[in-house]
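Raw contents of target.cif, mmCIF, C-alpha atoms:
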```cif
data_entry
loop_
_atom_site.label_atom_id
_atom_site.label_comp_id
_atom_site.auth_asym_id
_atom_site.auth_seq_id
_atom_site.Cartn_x
_atom_site.Cartn_y
_atom_site.Cartn_z
CA MET Y 1202 66.29 164.08 91.68
CA SER Y 1203 68.74 162.12 89.56
CA SER Y 1204 68.35 159.02 87.48
CA VAL Y 1205 70.52 155.96 87.61
CA ARG Y 1206 71.10 153.94 84.48
CA ILE Y 1207 72.33 150.38 84.73
CA HIS Y 1208 74.17 148.75 81.84
CA ARG Y 1209 75.18 145.14 81.46
CA PRO Y 1210 78.13 145.19 79.06
CA LYS Y 1211 79.51 141.99 77.57
CA TYR Y 1212 83.21 141.69 78.27
CA ALA Y 1213 85.49 140.23 75.59
CA LEU Y 1214 87.56 138.87 78.48
CA ALA Y 1215 84.70 136.62 79.56
CA THR Y 1216 84.33 135.24 76.03
CA MET Y 1217 88.07 134.62 75.79
CA LEU Y 1218 88.07 132.82 79.11
CA ARG Y 1219 85.41 130.38 77.92
CA LYS Y 1220 87.32 129.48 74.75
CA PRO Y 1221 89.19 126.15 74.92
CA GLY Y 1222 92.98 126.05 74.71
CA GLY Y 1223 95.45 128.75 75.74
CA THR Y 1224 97.64 128.89 78.81
CA THR Y 1225 96.66 127.40 82.15
CA VAL Y 1226 96.62 129.59 85.26
CA ALA Y 1227 99.59 127.67 86.73
CA GLN Y 1228 101.62 128.12 83.53
CA ALA Y 1229 100.78 131.83 83.34
CA VAL Y 1230 101.85 132.43 86.95
CA GLU Y 1231 105.05 130.44 86.51
CA GLN Y 1232 105.92 132.33 83.34
CA ALA Y 1233 105.27 135.67 85.05
CA GLU Y 1234 107.47 134.68 88.02
CA THR Y 1235 110.28 133.77 85.62
CA ASN Y 1236 109.91 137.11 83.83
CA LEU Y 1237 110.10 138.93 87.15
CA GLU Y 1238 113.31 137.13 88.09
CA GLY Y 1239 114.81 138.51 84.90
CA LEU Y 1240 114.00 142.04 86.07
CA GLN Y 1241 115.65 141.73 89.49
CA GLU Y 1242 119.09 142.98 88.48
CA ALA Y 1243 117.72 146.11 86.84
CA GLY Y 1244 115.33 146.54 89.78
CA LEU Y 1245 118.19 146.47 92.28
CA LEU Y 1246 120.06 149.20 90.41
CA GLN Y 1247 116.93 151.33 90.32
CA LEU Y 1248 116.31 150.66 94.02
CA ASP Y 1249 119.81 151.77 94.99
CA SER Y 1250 119.68 154.97 92.97
CA GLY Y 1251 116.18 155.65 94.36
CA LEU Y 1252 117.40 155.16 97.93
CA ALA Y 1253 120.33 157.52 97.31
CA ALA Y 1254 117.92 160.15 95.95
CA VAL Y 1255 115.66 159.83 99.00
CA GLU Y 1256 118.65 160.19 101.32
CA ALA Y 1257 119.93 163.21 99.38
CA VAL Y 1258 116.64 165.05 99.83
CA PHE Y 1259 116.65 164.40 103.57
CA VAL Y 1260 120.00 166.20 103.91
CA ARG Y 1261 118.34 169.37 102.58
CA TYR Y 1262 115.75 169.56 105.37
CA GLY Y 1263 116.06 172.27 107.95
CA GLU Y 1264 114.37 172.53 111.33
CA ALA Y 1265 111.16 174.06 109.99
CA PHE Y 1266 108.30 172.60 107.98
CA ASP Y 1267 109.00 172.79 104.22
CA ARG Y 1268 106.00 171.74 102.14
CA ALA Y 1269 107.78 171.94 98.77
CA LEU Y 1270 110.60 169.69 99.97
CA ILE Y 1271 108.18 167.23 101.57
CA THR Y 1272 106.27 167.02 98.28
CA GLU Y 1273 109.51 166.42 96.40
CA HIS Y 1274 110.57 163.82 98.95
CA TYR Y 1275 107.23 162.03 98.74
CA ALA Y 1276 107.42 161.84 94.94
CA LEU Y 1277 110.82 160.15 95.21
CA ALA Y 1278 109.75 157.81 98.03
CA VAL Y 1279 106.75 156.62 96.00
CA LYS Y 1280 109.10 155.55 93.21
CA LEU Y 1281 110.74 153.05 95.58
CA ILE Y 1282 107.53 151.12 96.09
CA GLY Y 1283 107.42 147.78 94.31
CA LEU Y 1284 111.18 147.58 93.78
CA PRO Y 1285 112.18 146.07 97.16
CA SER Y 1286 109.66 143.23 96.84
CA LEU Y 1287 110.87 142.51 93.34
CA CYS Y 1288 114.37 142.05 94.76
CA GLY Y 1289 113.29 140.00 97.81
CA PHE Y 1290 113.45 142.82 100.40
CA ASP Y 1291 109.96 142.65 101.87
CA ALA Y 1292 110.82 144.55 105.05
CA LEU Y 1293 112.32 147.36 102.97
CA GLU Y 1294 109.08 147.47 100.99
CA ASN Y 1295 107.18 147.89 104.22
CA ALA Y 1296 109.50 150.71 105.33
CA ALA Y 1297 109.11 152.53 102.00
CA HIS Y 1298 105.32 152.44 102.40
CA SER Y 1299 105.74 153.74 105.93
CA LEU Y 1300 107.85 156.69 104.74
CA CYS Y 1301 105.21 157.54 102.12
CA ASP Y 1302 102.48 157.40 104.77
CA LEU Y 1303 104.47 159.70 107.04
CA LEU Y 1304 105.40 162.25 104.36
CA ASP Y 1305 101.81 162.30 103.12
CA ARG Y 1306 100.56 162.96 106.64
CA LEU Y 1307 103.16 165.67 107.33
CA GLY Y 1308 102.25 167.42 104.08
CA ALA Y 1309 98.55 167.25 104.91
CA THR Y 1310 98.80 168.42 108.52
CA GLY Y 1311 101.58 170.96 108.14
CA ARG Y 1312 103.43 169.42 111.08
CA TRP Y 1313 107.16 168.75 110.88
CA ASP Y 1314 108.85 165.72 112.42
CA ARG Y 1315 112.49 165.63 111.39
CA ASP Y 1316 113.31 162.78 113.78
CA GLY Y 1317 110.47 160.66 112.43
CA VAL Y 1318 111.66 161.11 108.85
CA GLN Y 1319 115.27 160.50 109.85
CA VAL Y 1320 114.36 157.23 111.55
CA HIS Y 1321 112.75 156.13 108.30
CA ILE Y 1322 115.75 157.11 106.17
CA ARG Y 1323 118.11 155.20 108.44
CA ALA Y 1324 115.78 152.21 108.52
CA LEU Y 1325 115.67 152.09 104.72
CA ARG Y 1326 119.47 151.95 104.52
CA LEU Y 1327 119.69 149.35 107.29
CA LEU Y 1328 117.08 147.13 105.70
CA ARG Y 1329 118.72 147.44 102.29
CA ASN Y 1330 121.97 146.15 103.79
CA LEU Y 1331 120.36 143.14 105.46
CA PRO Y 1332 120.65 139.97 103.41
CA ALA Y 1333 117.44 139.23 101.50
CA GLY Y 1334 115.15 136.81 103.33
CA THR Y 1335 116.13 137.87 106.87
CA ASP Y 1336 112.89 139.67 107.55
CA ASP Y 1337 112.59 138.34 111.11
CA VAL Y 1338 115.67 140.39 112.03
CA ALA Y 1339 113.94 143.45 110.60
CA GLU Y 1340 110.84 143.13 112.78
CA PRO Y 1341 112.05 145.46 115.61
CA VAL Y 1342 112.98 148.09 113.02
CA LEU Y 1343 109.53 147.93 111.44
CA ASP Y 1344 108.02 148.09 114.90
CA GLY Y 1345 109.88 151.35 115.50
CA LEU Y 1346 108.50 152.78 112.26
CA ARG Y 1347 105.02 151.67 113.28
CA ARG Y 1348 105.38 153.66 116.51
CA VAL Y 1349 106.38 156.77 114.54
CA ARG Y 1350 103.25 156.37 112.41
CA GLU Y 1351 101.14 155.91 115.52
CA ARG Y 1352 102.49 159.18 116.86
CA HIS Y 1353 100.94 160.85 113.83
CA ALA Y 1354 97.74 158.78 114.06
CA ILE Y 1355 98.41 157.24 110.66
CA GLN Y 1356 96.23 154.27 109.93
CA SER Y 1357 98.15 152.23 107.40
CA SER Y 1358 97.91 148.69 106.21
CA ASN Y 1359 101.57 147.95 106.99
CA MET L 1312 94.50 155.02 70.58
CA VAL L 1313 91.66 154.51 73.08
CA LYS L 1314 89.29 156.41 70.78
CA ARG L 1315 90.07 154.23 67.76
CA ASN L 1316 90.75 150.68 69.00
CA SER L 1317 88.58 148.32 70.98
CA ILE L 1318 90.58 147.14 74.01
CA ASP L 1319 89.90 143.97 76.06
CA LEU L 1320 91.58 145.12 79.28
CA ILE L 1321 93.33 148.30 80.38
CA ILE L 1322 95.96 148.26 83.12
CA ALA L 1323 96.71 151.86 84.04
CA ASP L 1324 99.14 153.19 86.61
CA ALA L 1325 97.95 155.88 89.00
CA LEU L 1326 101.27 157.58 88.15
CA SER L 1327 102.11 160.74 90.08
CA PRO L 1328 100.66 161.66 93.48
CA ALA L 1329 98.33 163.98 91.53
CA GLY L 1330 96.67 160.84 90.15
CA GLU L 1331 96.70 161.25 86.36
CA GLY L 1332 95.80 157.55 86.07
CA TYR L 1333 92.55 158.10 87.98
CA GLU L 1334 91.75 161.10 85.79
CA PHE L 1335 92.26 159.00 82.67
CA VAL L 1336 89.80 156.35 83.91
CA SER L 1337 87.31 159.05 84.88
CA TRP L 1338 87.55 160.54 81.40
CA LEU L 1339 87.20 157.10 79.81
CA ARG L 1340 83.99 156.41 81.73
CA ARG L 1341 82.36 159.81 81.30
CA ASP L 1342 83.60 161.05 77.93
CA GLY L 1343 85.44 158.13 76.35
CA GLY L 1344 82.31 156.68 74.76
CA ASP L 1345 82.66 153.90 72.19
CA PRO L 1346 84.47 151.61 71.86
CA ASN L 1347 86.02 151.54 75.36
CA GLY L 1348 83.60 153.25 77.72
CA PHE L 1349 82.84 149.92 79.44
CA THR L 1350 86.30 148.36 79.05
CA PRO L 1351 87.57 146.67 82.22
CA VAL L 1352 90.25 148.76 83.94
CA VAL L 1353 92.69 147.78 86.67
CA VAL L 1354 94.58 150.70 88.19
CA THR L 1355 97.91 149.99 89.89
CA ALA L 1356 98.99 152.36 92.62
CA ALA L 1357 102.22 152.59 94.58
CA HIS L 1358 100.80 154.67 97.41
CA THR L 1359 97.53 156.52 97.50
CA PRO L 1360 97.77 159.84 99.36
CA VAL L 1361 94.84 160.48 101.69
CA SER L 1362 93.79 163.37 99.48
CA MET L 1363 93.45 160.99 96.52
CA VAL L 1364 91.41 158.22 98.16
CA GLN L 1365 88.06 159.63 97.08
CA LYS L 1366 89.29 160.23 93.55
CA ALA L 1367 90.56 156.64 93.39
CA ARG L 1368 87.26 155.28 94.70
CA ASP L 1369 85.16 157.31 92.28
CA CYS L 1370 87.22 157.07 89.09
CA GLY L 1371 85.33 154.05 87.74
CA ALA L 1372 88.06 151.41 87.73
CA HIS L 1373 87.11 147.79 88.31
CA TYR L 1374 89.95 147.34 90.78
CA ILE L 1375 92.74 149.39 92.28
CA VAL L 1376 95.68 147.16 93.06
CA LYS L 1377 98.25 148.36 95.52
CA LYS L 1378 101.92 147.73 94.73
CA PRO L 1379 103.96 145.59 95.10
CA LEU L 1380 102.19 143.68 92.36
CA THR L 1381 102.35 139.91 92.23
CA PRO L 1382 101.40 137.76 89.25
CA VAL L 1383 98.86 135.85 91.35
CA VAL L 1384 97.02 138.97 92.50
CA MET L 1385 96.94 140.49 89.01
CA LEU L 1386 95.70 137.29 87.42
CA GLU L 1387 93.11 136.85 90.15
CA ARG L 1388 91.71 140.34 89.51
CA ILE L 1389 91.58 139.77 85.76
CA LEU L 1390 89.74 136.47 86.23
CA TRP L 1391 87.32 138.12 88.66
CA ILE L 1392 86.53 140.82 86.12
CA ALA L 1393 85.92 138.24 83.41
CA ARG L 1394 83.75 136.00 85.57
CA GLU L 1395 81.69 138.42 87.60
CA SER L 1396 80.49 140.68 84.74
CA ARG L 1397 79.60 143.51 87.09
CA PRO L 1398 76.82 145.85 85.95
CA PHE L 1399 77.76 149.42 85.07
CA ILE L 1400 76.21 152.26 87.01
CA GLU L 1401 75.72 155.64 85.38
CA CYS L 1402 74.52 158.57 87.45
CA ASP L 1403 75.52 162.17 88.16
CA ALA L 1404 78.03 161.29 90.85
CA TYR L 1405 79.54 158.12 89.43
CA VAL L 1406 80.07 156.24 86.18
CA GLY L 1407 81.66 152.82 86.37
CA PRO L 1408 81.24 149.24 87.51
CA ASP L 1409 78.98 148.67 90.50
CA ARG L 1410 81.16 149.14 93.58
CA ARG L 1411 78.79 147.21 95.83
CA HIS L 1412 79.80 143.80 94.57
CA LYS L 1413 81.02 142.21 97.78
CA ASN L 1414 78.46 140.71 100.10
CA GLU L 1415 80.32 140.90 103.38
CA GLY L 1416 77.76 142.60 105.62
CA PRO L 1417 78.48 145.71 107.67
CA PRO L 1418 82.16 146.26 108.57
CA ASP L 1419 83.38 145.11 112.00
CA GLY L 1420 82.79 147.61 114.75
CA VAL L 1421 80.24 149.60 112.76
CA PRO L 1422 76.86 149.68 114.49
CA ARG L 1423 73.98 148.26 112.48
CA ARG L 1424 71.71 150.82 110.84
CA ARG L 1425 68.10 151.14 111.92
CA ASP L 1426 66.80 149.63 108.69
CA ASP L 1427 69.30 146.73 108.54
CA LEU L 1428 67.79 143.28 108.90
CA PRO L 1429 68.29 141.66 112.31
CA ALA L 1430 71.50 139.62 112.66
CA GLU L 1431 69.59 136.67 114.12
CA VAL L 1432 67.19 134.87 111.80
CA GLY L 1433 64.03 133.91 113.66
CA VAL L 1434 61.44 131.25 112.95
CA ALA L 1435 59.76 131.57 109.54
CA GLN L 1436 56.51 133.51 109.74
CA GLU L 1437 55.29 132.86 106.19
CA PRO L 1438 55.36 129.89 103.80
CA ASN L 1439 58.44 129.45 101.58
CA MET L 1440 58.57 131.48 98.37
CA SER L 1441 58.26 129.75 95.01
CA GLN L 1442 61.32 129.54 92.76
CA ASP L 1443 59.74 132.15 90.46
CA GLN L 1444 59.38 134.57 93.34
CA VAL L 1445 63.00 133.99 94.34
CA ASP L 1446 64.20 134.49 90.73
CA ASN L 1447 62.22 137.72 90.57
CA LEU L 1448 64.12 139.11 93.53
CA PHE L 1449 67.36 138.82 91.57
CA SER L 1450 66.17 140.28 88.27
CA THR L 1451 67.52 143.76 87.54
CA ARG L 1452 65.19 146.68 87.13
CA LYS L 1453 65.77 150.22 86.05
CA VAL L 1454 65.82 152.46 89.10
CA THR L 1455 64.89 156.12 89.13
CA LEU L 1456 65.72 158.09 92.24
#
```
What do you get writing this file as structure tokens?
Amino acid sequence: MSSVRIHRPKYALATMLRKPGGTTVAQAVEQAETNLEGLQEAGLLQLDSGLAAVEAVFVRYGEAFDRALITEHYALAVKLIGLPSLCGFDALENAAHSLCDLLDRLGATGRWDRDGVQVHIRALRLLRNLPAGTDDVAEPVLDGLRRVRERHAIQSSN
Amino acid sequence: MVKRNSIDLIIADALSPAGEGYEFVSWLRRDGGDPNGFTPVVVTAAHTPVSMVQKARDCGAHYIVKKPLTPVVMLERILWIARESRPFIECDAYVGPDRRHKNEGPPDGVPRRRDDLPAEVGVAQEPNMSQDQVDNLFSTRKVTL
């Protein structure tokens, strides 16, 4: 037996939205896009050092399952997410998500798939070296990663 | 800061795979109290590990936005929060905005439950309800389970 209480709070945001004046939605979006463009250079540097760190961890894997290393690898792979899109590498973004999905699944199941992880690491480097905006070329690569995820029954949104 | 200042909107990152961001929102809803216990919260998450999905769902955020973030998506969520004014639910298992705010019917491929209404609407069996009766159906009441 538990009770449910329902509150109807008044949000300051709603009041602010009703006030006349301010910035239009179109202006706000345009301004945000411009701000993001200014972050691209720094984002690219961060992306490259992040990719190097992810590759460096892979070299340390042996043939057996290593939970501590997978956890470390996952923490580094997660840091990549968001950076490729910022720099116009949408396929690379997709691959980074895929690597996170795979490492998360390996850590949860205790299974080891060195080849699957290696395919992802190579794909990340390949997709980084493709010129931005050539995502159609990347489609077969992403398809390969999808098949690796399917092998582990990973349901992901990518 | 959260204890002392009234905040209009909080955008919190889920941070590490251990989900400190979700824990912060959970604390805010259950123990934060005034002035920010009801403050709208958007959590941004790079990747949610399977083990964290339940924590993310139950933390009490208005929305969890998956990265990469885009200005349009963020603005859309903020406008939704401002316009929809979702009621807050407080019970043993959950404190936060009502999660059942979408009216999309049962998910595809999920069989209908025994007590769901039939998908096909038949011929009316009773006279139309008055506007007062209809309005009454939408008025909120305190529920005790």
- Decode the PyMOL selection byres ((chain L) within 6 of (chain Y)) for the given file into explicit residues and return them as JSON, numbers by chain. {"L": [1319, 1357, 1378, 1379, 1382, 1393, 1398, 1399, 1400, 1401, 1402, 1455, 1456]}
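For the file at hand, the PyMOL selection byres ((chain L and resi 1326) around 10) resolves to Val1279 and Lys1280 of chain Y; Ala1323, Asp1324, Ala1325, Ser1327, Pro1328, Ala1329, Gly1330, Glu1331, Gly1332, Tyr1333, Val1354, Thr1355, Ala1356, Ala1357 and His1358 of chain L.
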With C-alpha atoms kept, could you save the residues just selected as a CSV table (one decimal), in the coordinates of the input?
```
chain,number,residue,atom,x,y,z
Y,1279,VAL,CA,106.8,156.6,96.0
Y,1280,LYS,CA,109.1,155.6,93.2
L,1323,ALA,CA,96.7,151.9,84.0
L,1324,ASP,CA,99.1,153.2,86.6
L,1325,ALA,CA,98.0,155.9,89.0
L,1327,SER,CA,102.1,160.7,90.1
L,1328,PRO,CA,100.7,161.7,93.5
L,1329,ALA,CA,98.3,164.0,91.5
L,1330,GLY,CA,96.7,160.8,90.2
L,1331,GLU,CA,96.7,161.2,86.4
L,1332,GLY,CA,95.8,157.6,86.1
L,1333,TYR,CA,92.6,158.1,88.0
L,1354,VAL,CA,94.6,150.7,88.2
L,1355,THR,CA,97.9,150.0,89.9
L,1356,ALA,CA,99.0,152.4,92.6
L,1357,ALA,CA,102.2,152.6,94.6
L,1358,HIS,CA,100.8,154.7,97.4
```
Contacts of stretch 1311-1328 of chain Y at 6 Å (only C-alpha atoms; same-chain gap of 3+ positions) as an mmCIF file with C-alpha atoms, keeping the file's coordinate frame:
```
data_model
loop_
_atom_site.group_PDB
_atom_site.id
_atom_site.type_symbol
_atom_site.label_atom_id
_atom_site.label_comp_id
_atom_site.auth_asym_id
_atom_site.auth_seq_id
_atom_site.Cartn_x
_atom_site.Cartn_y
_atom_site.Cartn_z
ATOM 1 C CA PHE Y 1266 108.300 172.600 107.980
ATOM 2 C CA LEU Y 1293 112.320 147.360 102.970
ATOM 3 C CA LEU Y 1307 103.160 165.670 107.330
ATOM 4 C CA GLY Y 1308 102.250 167.420 104.080
ATOM 5 C CA LEU Y 1331 120.360 143.140 105.460
#
```
- Item | For atom CA of L:Val1353 and atom CA of L:Ala1372, the interatomic separation in Å (one decimal) |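 Computing it gives 6.0 Å between the two atoms.
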- Figure out the distance between atom CA of Y:Ile1271 and atom CA of Y:Arg1350, please, to one decimal in Å.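 Separating atom CA of Y:Arg1350 from atom CA of Y:Ile1271 is a distance of 16.1 Å.
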Go ahead and fit an axis-aligned box to every listed atom of stretch 1338-1352 of chain Y plus 5 Å each side, and pass me the centre and edge lengths in Å, one decimal, as lines of an AutoDock Vina configuration file.
```
center_x = 108.4
center_y = 149.8
center_z = 113.7
size_x = 24.5
size_y = 28.8
size_z = 16.3
```
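Considering the residues Y:Leu1303, Y:Ala1243, Y:Leu1277, Y:Ala1269 and counting all atoms listed in the file, Y:Arg1352 has its shortest atom-to-atom contact with Y:Leu1303.
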- Message: Please enumerate the residues selected by the PyMOL selection byres ((chain Y and resi 1258) around 10) when evaluated against the supplied file, formatted as a list in words.
- Response: Ala1253, Ala1254, Val1255, Glu1256, Ala1257, Phe1259, Val1260, Arg1261, Tyr1262, Leu1270, Ile1271, Glu1273, His1274, Tyr1275 and Leu1277 of chain Y
- Item | Pick from Y:Pro1221, Y:Gly1244, Y:Gly1239, Y:Gly1263 nearest to Y:Phe1290, counting only C-alpha atoms |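 Checking each of Y:Pro1221, Y:Gly1244, Y:Gly1239, Y:Gly1263 against Y:Phe1290, counting only C-alpha atoms, the winner is Y:Gly1244.
Excluding L:Pro1351 itself and any same-chain residue fewer than 5 positions from it, the protein and nucleic acid residues within 7 Å of it, counting all atoms listed in the file, are Leu1320, Ile1321 and His1373 of chain L.
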Suppose we keep C-alpha atoms; can you now write the selection as a PDB file, in the coordinates of the input?
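Writing done, so here's again_28.pdb:
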```pdb
ATOM      1  CA  LEU L1320      91.580 145.120  79.280  1.00  0.00           C
ATOM      2  CA  ILE L1321      93.330 148.300  80.380  1.00  0.00           C
ATOM      3  CA  HIS L1373      87.110 147.790  88.310  1.00  0.00           C
TER       4      HIS L1373
END
```
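Coordinates place atom CA of L:Arg1394 at a distance of 26.2 Å from atom CA of L:Asp1342.
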- Message: Give me, as a list of chain:residue names, all polymer residues having an atom no more than 10 Å from L:Asn1316, counting only C-alpha atoms and skipping those fewer than 6 positions away in the same chain.
- Response: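 Here the answer would be L:Asp1345, L:Pro1346, L:Asn1347.
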Write out N, CA and C atoms for stretch 1295-1313 of chain Y, as a PDB file, keeping the file's coordinate frame.
```pdb
ATOM      1  N   ASN Y1295     108.033 147.417 103.140  1.00  0.00           N
ATOM      2  CA  ASN Y1295     107.180 147.890 104.220  1.00  0.00           C
ATOM      3  C   ASN Y1295     107.636 149.273 104.713  1.00  0.00           C
ATOM      4  N   ALA Y1296     108.959 149.429 104.846  1.00  0.00           N
ATOM      5  CA  ALA Y1296     109.500 150.710 105.330  1.00  0.00           C
ATOM      6  C   ALA Y1296     109.262 151.838 104.321  1.00  0.00           C
ATOM      7  N   ALA Y1297     109.339 151.507 103.031  1.00  0.00           N
ATOM      8  CA  ALA Y1297     109.110 152.530 102.000  1.00  0.00           C
ATOM      9  C   ALA Y1297     107.646 153.001 102.050  1.00  0.00           C
ATOM     10  N   HIS Y1298     106.731 152.062 102.245  1.00  0.00           N
ATOM     11  CA  HIS Y1298     105.320 152.440 102.400  1.00  0.00           C
ATOM     12  C   HIS Y1298     105.145 153.348 103.619  1.00  0.00           C
ATOM     13  N   SER Y1299     105.856 152.989 104.692  1.00  0.00           N
ATOM     14  CA  SER Y1299     105.740 153.740 105.930  1.00  0.00           C
ATOM     15  C   SER Y1299     106.221 155.182 105.736  1.00  0.00           C
ATOM     16  N   LEU Y1300     107.330 155.334 105.002  1.00  0.00           N
ATOM     17  CA  LEU Y1300     107.850 156.690 104.740  1.00  0.00           C
ATOM     18  C   LEU Y1300     106.829 157.492 103.919  1.00  0.00           C
ATOM     19  N   CYS Y1301     106.220 156.838 102.935  1.00  0.00           N
ATOM     20  CA  CYS Y1301     105.210 157.540 102.120  1.00  0.00           C
ATOM     21  C   CYS Y1301     104.025 157.965 102.986  1.00  0.00           C
ATOM     22  N   ASP Y1302     103.585 157.061 103.861  1.00  0.00           N
ATOM     23  CA  ASP Y1302     102.480 157.400 104.770  1.00  0.00           C
ATOM     24  C   ASP Y1302     102.836 158.620 105.611  1.00  0.00           C
ATOM     25  N   LEU Y1303     104.062 158.608 106.147  1.00  0.00           N
ATOM     26  CA  LEU Y1303     104.470 159.700 107.040  1.00  0.00           C
ATOM     27  C   LEU Y1303     104.570 161.032 106.278  1.00  0.00           C
ATOM     28  N   LEU Y1304     105.235 160.997 105.119  1.00  0.00           N
ATOM     29  CA  LEU Y1304     105.400 162.250 104.360  1.00  0.00           C
ATOM     30  C   LEU Y1304     104.041 162.796 103.904  1.00  0.00           C
ATOM     31  N   ASP Y1305     103.153 161.875 103.525  1.00  0.00           N
ATOM     32  CA  ASP Y1305     101.810 162.300 103.120  1.00  0.00           C
ATOM     33  C   ASP Y1305     101.093 162.989 104.278  1.00  0.00           C
ATOM     34  N   ARG Y1306     101.222 162.382 105.469  1.00  0.00           N
ATOM     35  CA  ARG Y1306     100.560 162.960 106.640  1.00  0.00           C
ATOM     36  C   ARG Y1306     101.170 164.309 107.012  1.00  0.00           C
ATOM     37  N   LEU Y1307     102.512 164.395 106.977  1.00  0.00           N
ATOM     38  CA  LEU Y1307     103.160 165.670 107.330  1.00  0.00           C
ATOM     39  C   LEU Y1307     102.726 166.771 106.369  1.00  0.00           C
ATOM     40  N   GLY Y1308     102.668 166.423 105.074  1.00  0.00           N
ATOM     41  CA  GLY Y1308     102.250 167.420 104.080  1.00  0.00           C
ATOM     42  C   GLY Y1308     100.811 167.862 104.303  1.00  0.00           C
ATOM     43  N   ALA Y1309      99.976 166.925 104.736  1.00  0.00           N
ATOM     44  CA  ALA Y1309      98.550 167.250 104.910  1.00  0.00           C
ATOM     45  C   ALA Y1309      98.307 168.060 106.180  1.00  0.00           C
ATOM     46  N   THR Y1310      99.072 167.756 107.237  1.00  0.00           N
ATOM     47  CA  THR Y1310      98.800 168.420 108.520  1.00  0.00           C
ATOM     48  C   THR Y1310      99.630 169.691 108.726  1.00  0.00           C
ATOM     49  N   GLY Y1311     100.715 169.797 107.951  1.00  0.00           N
ATOM     50  CA  GLY Y1311     101.580 170.960 108.140  1.00  0.00           C
ATOM     51  C   GLY Y1311     102.480 170.833 109.358  1.00  0.00           C
ATOM     52  N   ARG Y1312     102.527 169.643 109.928  1.00  0.00           N
ATOM     53  CA  ARG Y1312     103.430 169.420 111.080  1.00  0.00           C
ATOM     54  C   ARG Y1312     104.785 168.950 110.559  1.00  0.00           C
ATOM     55  N   TRP Y1313     105.831 169.205 111.285  1.00  0.00           N
ATOM     56  CA  TRP Y1313     107.160 168.750 110.880  1.00  0.00           C
ATOM     57  C   TRP Y1313     107.721 167.803 111.937  1.00  0.00           C
TER      58      TRP Y1313
END
```
